[in-house]
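Next comes protein_35.cif, with mmCIF, C-alpha atoms and all ligand atoms.
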data_coords
loop_
_atom_site.group_PDB
_atom_site.id
_atom_site.type_symbol
_atom_site.label_atom_id
_atom_site.label_comp_id
_atom_site.auth_asym_id
_atom_site.auth_seq_id
_atom_site.Cartn_x
_atom_site.Cartn_y
_atom_site.Cartn_z
ATOM 1 C CA MET B 1 81.039 76.452 96.618
ATOM 2 C CA GLU B 2 81.243 76.701 92.846
ATOM 3 C CA TRP B 3 83.887 79.098 91.642
ATOM 4 C CA THR B 4 82.751 81.377 88.830
ATOM 5 C CA GLU B 5 84.653 83.855 86.715
ATOM 6 C CA SER B 6 82.729 86.719 88.283
ATOM 7 C CA THR B 7 83.849 85.631 91.727
ATOM 8 C CA GLU B 8 86.403 88.113 92.971
ATOM 9 C CA VAL B 9 88.573 86.863 95.825
ATOM 10 C CA LYS B 10 88.753 90.295 97.369
ATOM 11 C CA ASN B 11 84.985 90.804 97.405
ATOM 12 C CA ILE B 12 84.152 87.412 98.819
ATOM 13 C CA LEU B 13 86.846 87.207 101.392
ATOM 14 C CA GLY B 14 87.008 90.854 102.376
ATOM 15 C CA LEU B 15 90.772 90.725 103.011
ATOM 16 C CA GLN B 16 92.034 94.186 103.903
ATOM 17 C CA LEU B 17 95.535 93.805 102.528
ATOM 18 C CA PRO B 18 96.443 92.103 99.246
ATOM 19 C CA THR B 19 99.563 89.944 99.170
ATOM 20 C CA ASP B 20 102.756 91.753 98.261
ATOM 21 C CA PRO B 21 103.232 91.127 94.507
ATOM 22 C CA ARG B 22 106.885 90.130 95.096
ATOM 23 C CA TRP B 23 105.759 87.086 97.064
ATOM 24 C CA VAL B 24 104.793 84.901 94.100
ATOM 25 C CA ASP B 25 108.164 85.460 92.405
ATOM 26 C CA LEU B 26 109.968 84.494 95.605
ATOM 27 C CA ALA B 27 107.751 81.420 95.942
ATOM 28 C CA ALA B 28 108.499 80.369 92.347
ATOM 29 C CA VAL B 29 112.215 80.106 93.100
ATOM 30 C CA SER B 30 111.672 78.317 96.449
ATOM 31 C CA LEU B 31 109.468 75.499 95.189
ATOM 32 C CA GLU B 32 110.737 72.818 97.580
ATOM 33 C CA ASP B 33 110.188 75.095 100.571
ATOM 34 C CA ILE B 34 106.835 76.424 99.452
ATOM 35 C CA LEU B 35 105.467 72.942 98.711
ATOM 36 C CA THR B 36 106.781 71.676 102.061
ATOM 37 C CA ASP B 37 105.159 74.568 103.876
ATOM 38 C CA HIS B 38 101.949 74.091 101.932
ATOM 39 C CA ALA B 39 101.922 70.375 102.848
ATOM 40 C CA TYR B 40 102.120 71.246 106.556
ATOM 41 C CA CYS B 41 99.345 73.848 106.160
ATOM 42 C CA GLU B 42 97.067 71.119 104.780
ATOM 43 C CA GLN B 43 98.054 68.769 107.595
ATOM 44 C CA LYS B 44 97.266 71.412 110.186
ATOM 45 C CA ALA B 45 93.918 72.145 108.525
ATOM 46 C CA ALA B 46 93.019 68.456 108.866
ATOM 47 C CA THR B 47 94.216 68.110 112.469
ATOM 48 C CA THR B 48 92.533 71.352 113.550
ATOM 49 C CA CYS B 49 89.227 70.119 112.132
ATOM 50 C CA ILE B 50 89.678 66.899 114.139
ATOM 51 C CA SER B 51 90.360 68.979 117.279
ATOM 52 C CA LEU B 52 87.224 71.050 116.682
ATOM 53 C CA ILE B 53 85.140 67.877 116.280
ATOM 54 C CA GLN B 54 86.555 66.562 119.579
ATOM 55 C CA LYS B 55 86.078 69.863 121.389
ATOM 56 C CA TYR B 56 82.549 70.487 120.094
ATOM 57 C CA SER B 57 81.275 66.910 119.844
ATOM 58 C CA ASP B 58 77.818 68.079 120.987
ATOM 59 C CA ARG B 59 77.431 70.513 118.077
ATOM 60 C CA VAL B 60 75.684 68.333 115.521
ATOM 61 C CA LEU B 61 76.103 70.515 112.432
ATOM 62 C CA LEU B 62 79.759 71.278 113.164
ATOM 63 C CA VAL B 63 80.601 67.574 113.493
ATOM 64 C CA LYS B 64 78.622 66.712 110.361
ATOM 65 C CA GLU B 65 80.169 69.456 108.210
ATOM 66 C CA LEU B 66 83.764 69.199 109.421
ATOM 67 C CA SER B 67 84.074 65.415 109.176
ATOM 68 C CA PRO B 68 84.367 65.410 105.354
ATOM 69 C CA ILE B 69 86.685 68.453 105.500
ATOM 70 C CA VAL B 70 89.191 66.361 107.475
ATOM 71 C CA THR B 71 89.285 63.882 104.594
ATOM 72 C CA GLU B 72 89.507 66.656 102.016
ATOM 73 C CA GLU B 73 92.383 68.463 103.768
ATOM 74 C CA TRP B 74 94.241 65.196 104.214
ATOM 75 C CA GLY B 75 93.695 64.588 100.505
ATOM 76 C CA HIS B 76 95.247 68.005 99.852
ATOM 77 C CA PHE B 77 98.234 67.041 101.980
ATOM 78 C CA ARG B 78 98.691 63.884 99.931
ATOM 79 C CA LEU B 79 98.456 65.804 96.652
ATOM 80 C CA VAL B 80 101.174 68.228 97.737
ATOM 81 C CA LEU B 81 103.365 65.396 98.997
ATOM 82 C CA GLN B 82 102.928 63.610 95.669
ATOM 83 C CA GLU B 83 103.936 66.804 93.860
ATOM 84 C CA LEU B 84 107.153 67.032 95.911
ATOM 85 C CA HIS B 85 108.029 63.394 95.141
ATOM 86 C CA LYS B 86 107.184 63.751 91.454
ATOM 87 C CA ARG B 87 109.640 66.622 91.201
ATOM 88 C CA GLY B 88 112.379 64.845 93.152
ATOM 89 C CA LEU B 89 112.044 67.374 95.973
ATOM 90 C CA SER B 90 112.198 66.571 99.691
ATOM 91 C CA PHE B 91 109.451 67.019 102.241
ATOM 92 C CA GLY B 92 111.342 69.206 104.708
ATOM 93 C CA LYS B 93 110.937 70.011 108.371
ATOM 94 C CA GLN B 94 107.976 71.861 109.808
ATOM 95 C CA ARG B 95 108.696 75.526 110.495
ATOM 96 C CA LYS B 96 107.386 77.800 113.204
ATOM 97 C CA ASP B 97 104.101 79.177 111.865
ATOM 98 C CA GLU B 98 104.326 82.860 112.838
ATOM 99 C CA TYR B 99 101.168 83.815 110.964
ATOM 100 C CA VAL B 100 98.954 81.185 112.603
ATOM 101 C CA ASN B 101 100.539 81.741 116.037
ATOM 102 C CA GLN B 102 99.705 85.436 115.831
ATOM 103 C CA LEU B 103 96.136 84.663 114.803
ATOM 104 C CA ILE B 104 95.793 82.271 117.755
ATOM 105 C CA ALA B 105 97.112 84.993 120.057
ATOM 106 C CA PHE B 106 94.186 87.172 118.922
ATOM 107 C CA GLN B 107 91.591 84.577 120.010
ATOM 108 C CA LYS B 108 89.591 85.474 123.100
ATOM 109 C CA LYS B 109 90.901 83.195 125.822
ATOM 110 C CA GLY B 110 88.418 84.031 128.576
ATOM 111 C CA GLY B 111 84.885 85.107 127.878
ATOM 112 C CA ASN B 112 81.903 82.884 127.332
ATOM 113 C CA PRO B 113 81.831 79.572 125.424
ATOM 114 C CA GLU B 114 79.964 81.162 122.510
ATOM 115 C CA GLU B 115 82.704 83.762 122.010
ATOM 116 C CA ARG B 116 85.363 81.074 122.135
ATOM 117 C CA LEU B 117 83.517 78.928 119.584
ATOM 118 C CA LEU B 118 83.101 81.981 117.361
ATOM 119 C CA ASP B 119 86.827 82.754 117.492
ATOM 120 C CA HIS B 120 87.739 79.142 116.758
ATOM 121 C CA LEU B 121 85.564 79.196 113.649
ATOM 122 C CA LEU B 122 86.710 82.654 112.537
ATOM 123 C CA THR B 123 90.380 81.696 112.950
ATOM 124 C CA MET B 124 89.770 78.855 110.509
ATOM 125 C CA ALA B 125 87.800 81.120 108.146
ATOM 126 C CA MET B 126 90.676 83.616 108.235
ATOM 127 C CA ILE B 127 93.355 81.044 107.396
ATOM 128 C CA GLU B 128 91.200 79.631 104.596
ATOM 129 C CA ALA B 129 90.596 83.125 103.212
ATOM 130 C CA ARG B 130 94.267 84.112 103.165
ATOM 131 C CA SER B 131 95.314 80.705 101.814
ATOM 132 C CA CYS B 132 92.759 81.061 99.050
ATOM 133 C CA GLU B 133 94.170 84.472 98.157
ATOM 134 C CA ARG B 134 97.732 83.142 98.164
ATOM 135 C CA PHE B 135 96.734 80.174 95.981
ATOM 136 C CA LYS B 136 95.100 82.613 93.587
ATOM 137 C CA ARG B 137 98.412 84.502 93.327
ATOM 138 C CA LEU B 138 100.230 81.226 92.636
ATOM 139 C CA SER B 139 97.600 80.185 90.085
ATOM 140 C CA GLU B 140 98.184 83.439 88.223
ATOM 141 C CA GLY B 141 101.868 84.111 88.720
ATOM 142 C CA LEU B 142 103.835 80.839 88.651
ATOM 143 C CA PRO B 143 105.766 80.223 85.439
ATOM 144 C CA ASP B 144 104.811 76.505 85.337
ATOM 145 C CA GLU B 145 101.407 75.997 83.645
ATOM 146 C CA TYR B 146 100.793 72.686 85.450
ATOM 147 C CA LEU B 147 101.375 74.308 88.845
ATOM 148 C CA ARG B 148 99.106 77.222 87.957
ATOM 149 C CA GLN B 149 96.261 74.735 87.382
ATOM 150 C CA PHE B 150 97.286 72.795 90.495
ATOM 151 C CA TYR B 151 96.904 75.925 92.615
ATOM 152 C CA ARG B 152 93.680 76.986 90.972
ATOM 153 C CA ARG B 153 92.022 73.840 92.316
ATOM 154 C CA PHE B 154 93.286 74.549 95.832
ATOM 155 C CA MET B 155 92.057 78.129 95.548
ATOM 156 C CA GLU B 156 88.520 76.937 94.729
ATOM 157 C CA SER B 157 88.505 74.369 97.499
ATOM 158 C CA GLU B 158 89.734 76.746 100.205
ATOM 159 C CA ALA B 159 87.195 79.374 99.143
ATOM 160 C CA GLY B 160 84.500 76.778 99.845
ATOM 161 C CA HIS B 161 85.994 76.061 103.265
ATOM 162 C CA TYR B 162 86.106 79.761 104.110
ATOM 163 C CA LYS B 163 82.395 79.956 103.296
ATOM 164 C CA LEU B 164 81.633 76.879 105.394
ATOM 165 C CA PHE B 165 83.365 78.247 108.515
ATOM 166 C CA ILE B 166 81.473 81.548 108.205
ATOM 167 C CA GLU B 167 78.202 79.653 107.775
ATOM 168 C CA LEU B 168 78.925 77.521 110.837
ATOM 169 C CA ALA B 169 79.656 80.688 112.820
ATOM 170 C CA GLU B 170 76.326 82.158 111.694
ATOM 171 C CA HIS B 171 74.548 78.941 112.632
ATOM 172 C CA TYR B 172 75.745 79.042 116.222
ATOM 173 C CA VAL B 173 76.122 82.766 116.863
ATOM 174 C CA ASP B 174 73.923 85.765 116.090
ATOM 175 C CA LYS B 175 74.766 87.056 112.590
ATOM 176 C CA GLU B 176 75.368 90.594 113.763
ATOM 177 C CA LYS B 177 77.878 89.377 116.362
ATOM 178 C CA VAL B 178 79.623 87.323 113.665
ATOM 179 C CA ARG B 179 79.807 90.318 111.330
ATOM 180 C CA LYS B 180 81.280 92.576 114.020
ATOM 181 C CA ARG B 181 83.861 90.084 115.204
ATOM 182 C CA TRP B 182 84.802 89.154 111.612
ATOM 183 C CA ALA B 183 85.522 92.847 110.918
ATOM 184 C CA GLU B 184 87.910 92.810 113.915
ATOM 185 C CA TRP B 185 89.581 89.665 112.588
ATOM 186 C CA LEU B 186 90.067 91.209 109.149
ATOM 187 C CA GLU B 187 91.661 94.285 110.684
ATOM 188 C CA GLU B 188 93.959 92.245 112.918
ATOM 189 C CA GLU B 189 94.942 89.930 110.078
ATOM 190 C CA ALA B 190 95.946 92.887 107.889
ATOM 191 C CA ARG B 191 98.145 94.134 110.745
ATOM 192 C CA ILE B 192 99.766 90.704 111.090
ATOM 193 C CA ILE B 193 100.410 90.344 107.329
ATOM 194 C CA ASN B 194 101.821 93.847 107.191
ATOM 195 C CA ASN B 195 104.338 93.056 109.943
ATOM 196 C CA LEU B 196 105.488 89.698 108.566
ATOM 197 C CA THR B 197 108.521 89.634 106.295
ATOM 198 C CA VAL B 198 107.697 88.741 102.674
ATOM 199 C CA ARG B 199 109.281 85.315 102.227
ATOM 200 C CA GLY B 200 108.987 82.852 99.370
ATOM 201 C CA ASP B 201 109.455 79.797 101.582
ATOM 202 C CA ARG B 202 106.094 79.933 103.256
ATOM 203 C CA ILE B 203 102.455 80.188 102.235
ATOM 204 C CA HIS B 204 101.661 82.906 104.805
HETATM 205 FE FE FE C 1 93.250 72.475 101.933
HETATM 206 FE FE FE C 2 90.814 74.310 103.615
#
When written as structure tokens, how does the structure in this file appear?
Ligand SMILES: [Fe+2]
Ligand SMILES: [Fe+2]
Amino acid sequence: MEWTESTEVKNILGLQLPTDPRWVDLAAVSLEDILTDHAYCEQKAATTCISLIQKYSDRVLLVKELSPIVTEEWGHFRLVLQELHKRGLSFGKQRKDEYVNQLIAFQKKGGNPEERLLDHLLTMAMIEARSCERFKRLSEGLPDEYLRQFYRRFMESEAGHYKLFIELAEHYVDKEKVRKRWAEWLEEEARIINNLTVRGDRIH
């Protein structure tokens, strides 16, 4: 998706709760941690797309559309890793991802295969949407001009991924069902964000 000046993150992504404004300042002083965490987020985006391709190998459009996303997310991981090295910072250990774990806990475990597919796709759309919003904050609030540009590119890319996951959901599931379930996801995600401590060492 092409990012235009008139594109407002809030309107497109429908997030119910904006990021606490203190977050970007905390992130700015925890660069090694935030870049490390970001690198793992990109890794997980790539590996989750691979898992979805394996799980839904019979869904032609899903396999076709997610295959290049794997490459793109891995490319993102490499860019972040390069940024760490360039700055003489270390790629640290992977942390427990409370945000993503809580989203996964919200997925319907039983139910029919269509509902499970829908929740898999909406979980990805949700993470892309919030990541996009966080990258927007970084692209506006970091003191380093180079990093602001760096994060603007990620913001645009993740907005496109958000759109793709919603479109895939609408391809496989009735649009009205997607809309209703997405509204539930947005509400749950706001609750999760509201209960998480604001920390500068993680993207979410
Ligand atoms: Fe990414
Ligand atoms: Fe993404």
Considering all atoms listed in the file, state which residue in the set B:Glu167, B:Glu72, B:Glu189, B:Glu65 is at the smallest distance from ligand FE 1 (chain C).
->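 Distance minimum relative to ligand FE 1 (chain C) lands on B:Glu72.
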So which residues get picked by the PyMOL selection byres (((not hetatm)) within 7 of (chain C and resi 1)) here, written as a PyMOL selection string?
-> chain B and resi 42+45+72-73+76+154+157-158
Name every residue that the PyMOL selection byres (((not hetatm)) within 10 of (chain C and resi 2)) selects in this structure, writing the answer as an NGL selection string with chains first and numbers rising.
-> :B and (41-46 or 49 or 69-70 or 72-74 or 76 or 124-125 or 127-129 or 131-132 or 154-162 or 164-165)
Residues returned when the PyMOL selection byres (((chain B and resi 184) around 12) and not hetatm) runs on this file, as an MDAnalysis selection string = chainID B and resid 14:16 103 106:108 119 122:123 126 177:183 185:191
Serialized selection, C-alpha atoms, as a short mmCIF file (atom, residue, chain, number, x, y, z; two decimals), in the frame of the given file:
data_model
loop_
_atom_site.label_atom_id
_atom_site.label_comp_id
_atom_site.auth_asym_id
_atom_site.auth_seq_id
_atom_site.Cartn_x
_atom_site.Cartn_y
_atom_site.Cartn_z
CA GLY B 14 87.01 90.85 102.38
CA LEU B 15 90.77 90.72 103.01
CA GLN B 16 92.03 94.19 103.90
CA LEU B 103 96.14 84.66 114.80
CA PHE B 106 94.19 87.17 118.92
CA GLN B 107 91.59 84.58 120.01
CA LYS B 108 89.59 85.47 123.10
CA ASP B 119 86.83 82.75 117.49
CA LEU B 122 86.71 82.65 112.54
CA THR B 123 90.38 81.70 112.95
CA MET B 126 90.68 83.62 108.24
CA LYS B 177 77.88 89.38 116.36
CA VAL B 178 79.62 87.32 113.66
CA ARG B 179 79.81 90.32 111.33
CA LYS B 180 81.28 92.58 114.02
CA ARG B 181 83.86 90.08 115.20
CA TRP B 182 84.80 89.15 111.61
CA ALA B 183 85.52 92.85 110.92
CA TRP B 185 89.58 89.66 112.59
CA LEU B 186 90.07 91.21 109.15
CA GLU B 187 91.66 94.28 110.68
CA GLU B 188 93.96 92.24 112.92
CA GLU B 189 94.94 89.93 110.08
CA ALA B 190 95.95 92.89 107.89
CA ARG B 191 98.14 94.13 110.74
#
Test item: axis-aligned box, all listed atoms of region 145-155 of chain B, 8 Å on each side, centre and edges in Å rounded to one decimal, as JSON:
{"center_x": 96.7, "center_y": 75.4, "center_z": 89.7, "size_x": 25.4, "size_y": 21.4, "size_z": 28.2}
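Using all atoms listed in the file, the shortest contact distance between Ile53 (chain B) and any of B:Arg78, B:Lys86, B:His120, B:Lys109 is found at B:His120.
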Choose the residue, out of B:Asp33, B:Glu170, B:Glu114, B:Glu98, that has the smallest atom-to-atom separation from Leu81 (chain B); count all atoms listed in the file.
-> B:Asp33
At a cut-off of 12 Å from (102.3, 69.4, 96.7) in the coordinates of the file, what residues are picked up using all atoms listed in the file, written as JSON, numbers by chain?
-> {"B": [31, 32, 33, 34, 35, 36, 37, 38, 39, 40, 41, 42, 43, 74, 75, 76, 77, 78, 79, 80, 81, 82, 83, 84, 85, 86, 87, 88, 89, 90, 91, 146, 147, 150, 151, 154]}
Keeping C-alpha atoms, write region 100-151 of chain B of the structure just shown out as a tab-separated table (two decimals), in the first residue's frame.
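Written file, result-v3.tsv:
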chain	number	residue	atom	x	y	z
B	100	VAL	CA	1.77	-11.19	21.69
B	101	ASN	CA	1.13	-13.91	24.30
B	102	GLN	CA	-1.97	-12.07	25.47
B	103	LEU	CA	-3.19	-11.67	21.90
B	104	ILE	CA	-2.68	-15.41	21.30
B	105	ALA	CA	-4.66	-16.14	24.47
B	106	PHE	CA	-7.59	-14.26	22.90
B	107	GLN	CA	-7.64	-16.53	19.82
B	108	LYS	CA	-10.55	-18.95	19.63
B	109	LYS	CA	-9.06	-22.36	20.34
B	110	GLY	CA	-12.09	-24.53	19.63
B	111	GLY	CA	-14.74	-23.57	17.14
B	112	ASN	CA	-14.73	-24.24	13.44
B	113	PRO	CA	-11.72	-24.08	11.10
B	114	GLU	CA	-12.98	-20.85	9.52
B	115	GLU	CA	-13.05	-19.09	12.90
B	116	ARG	CA	-9.56	-20.31	13.68
B	117	LEU	CA	-8.23	-19.12	10.32
B	118	LEU	CA	-9.92	-15.76	10.87
B	119	ASP	CA	-8.30	-15.35	14.29
B	120	HIS	CA	-4.89	-16.32	12.94
B	121	LEU	CA	-5.15	-13.64	10.27
B	122	LEU	CA	-6.59	-11.01	12.62
B	123	THR	CA	-3.84	-11.65	15.20
B	124	MET	CA	-1.31	-10.82	12.50
B	125	ALA	CA	-3.31	-7.77	11.36
B	126	MET	CA	-3.43	-6.57	14.97
B	127	ILE	CA	0.32	-6.89	15.54
B	128	GLU	CA	1.02	-5.16	12.22
B	129	ALA	CA	-1.39	-2.35	13.11
B	130	ARG	CA	0.10	-1.69	16.54
B	131	SER	CA	3.66	-2.01	15.21
B	132	CYS	CA	2.83	0.49	12.50
B	133	GLU	CA	1.51	2.91	15.11
B	134	ARG	CA	4.60	2.46	17.28
B	135	PHE	CA	6.91	2.98	14.28
B	136	LYS	CA	4.99	6.15	13.49
B	137	ARG	CA	5.69	7.40	17.04
B	138	LEU	CA	9.39	6.59	16.60
B	139	SER	CA	9.45	8.26	13.17
B	140	GLU	CA	8.08	11.43	14.74
B	141	GLY	CA	9.63	11.47	18.19
B	142	LEU	CA	13.20	10.11	18.06
B	143	PRO	CA	15.90	12.76	18.30
B	144	ASP	CA	18.06	11.10	15.59
B	145	GLU	CA	16.97	12.22	12.08
B	146	TYR	CA	18.38	9.07	10.44
B	147	LEU	CA	16.39	6.83	12.79
B	148	ARG	CA	13.23	8.85	12.20
B	149	GLN	CA	13.52	8.09	8.46
B	150	PHE	CA	14.47	4.48	9.24
B	151	TYR	CA	11.24	4.02	11.20
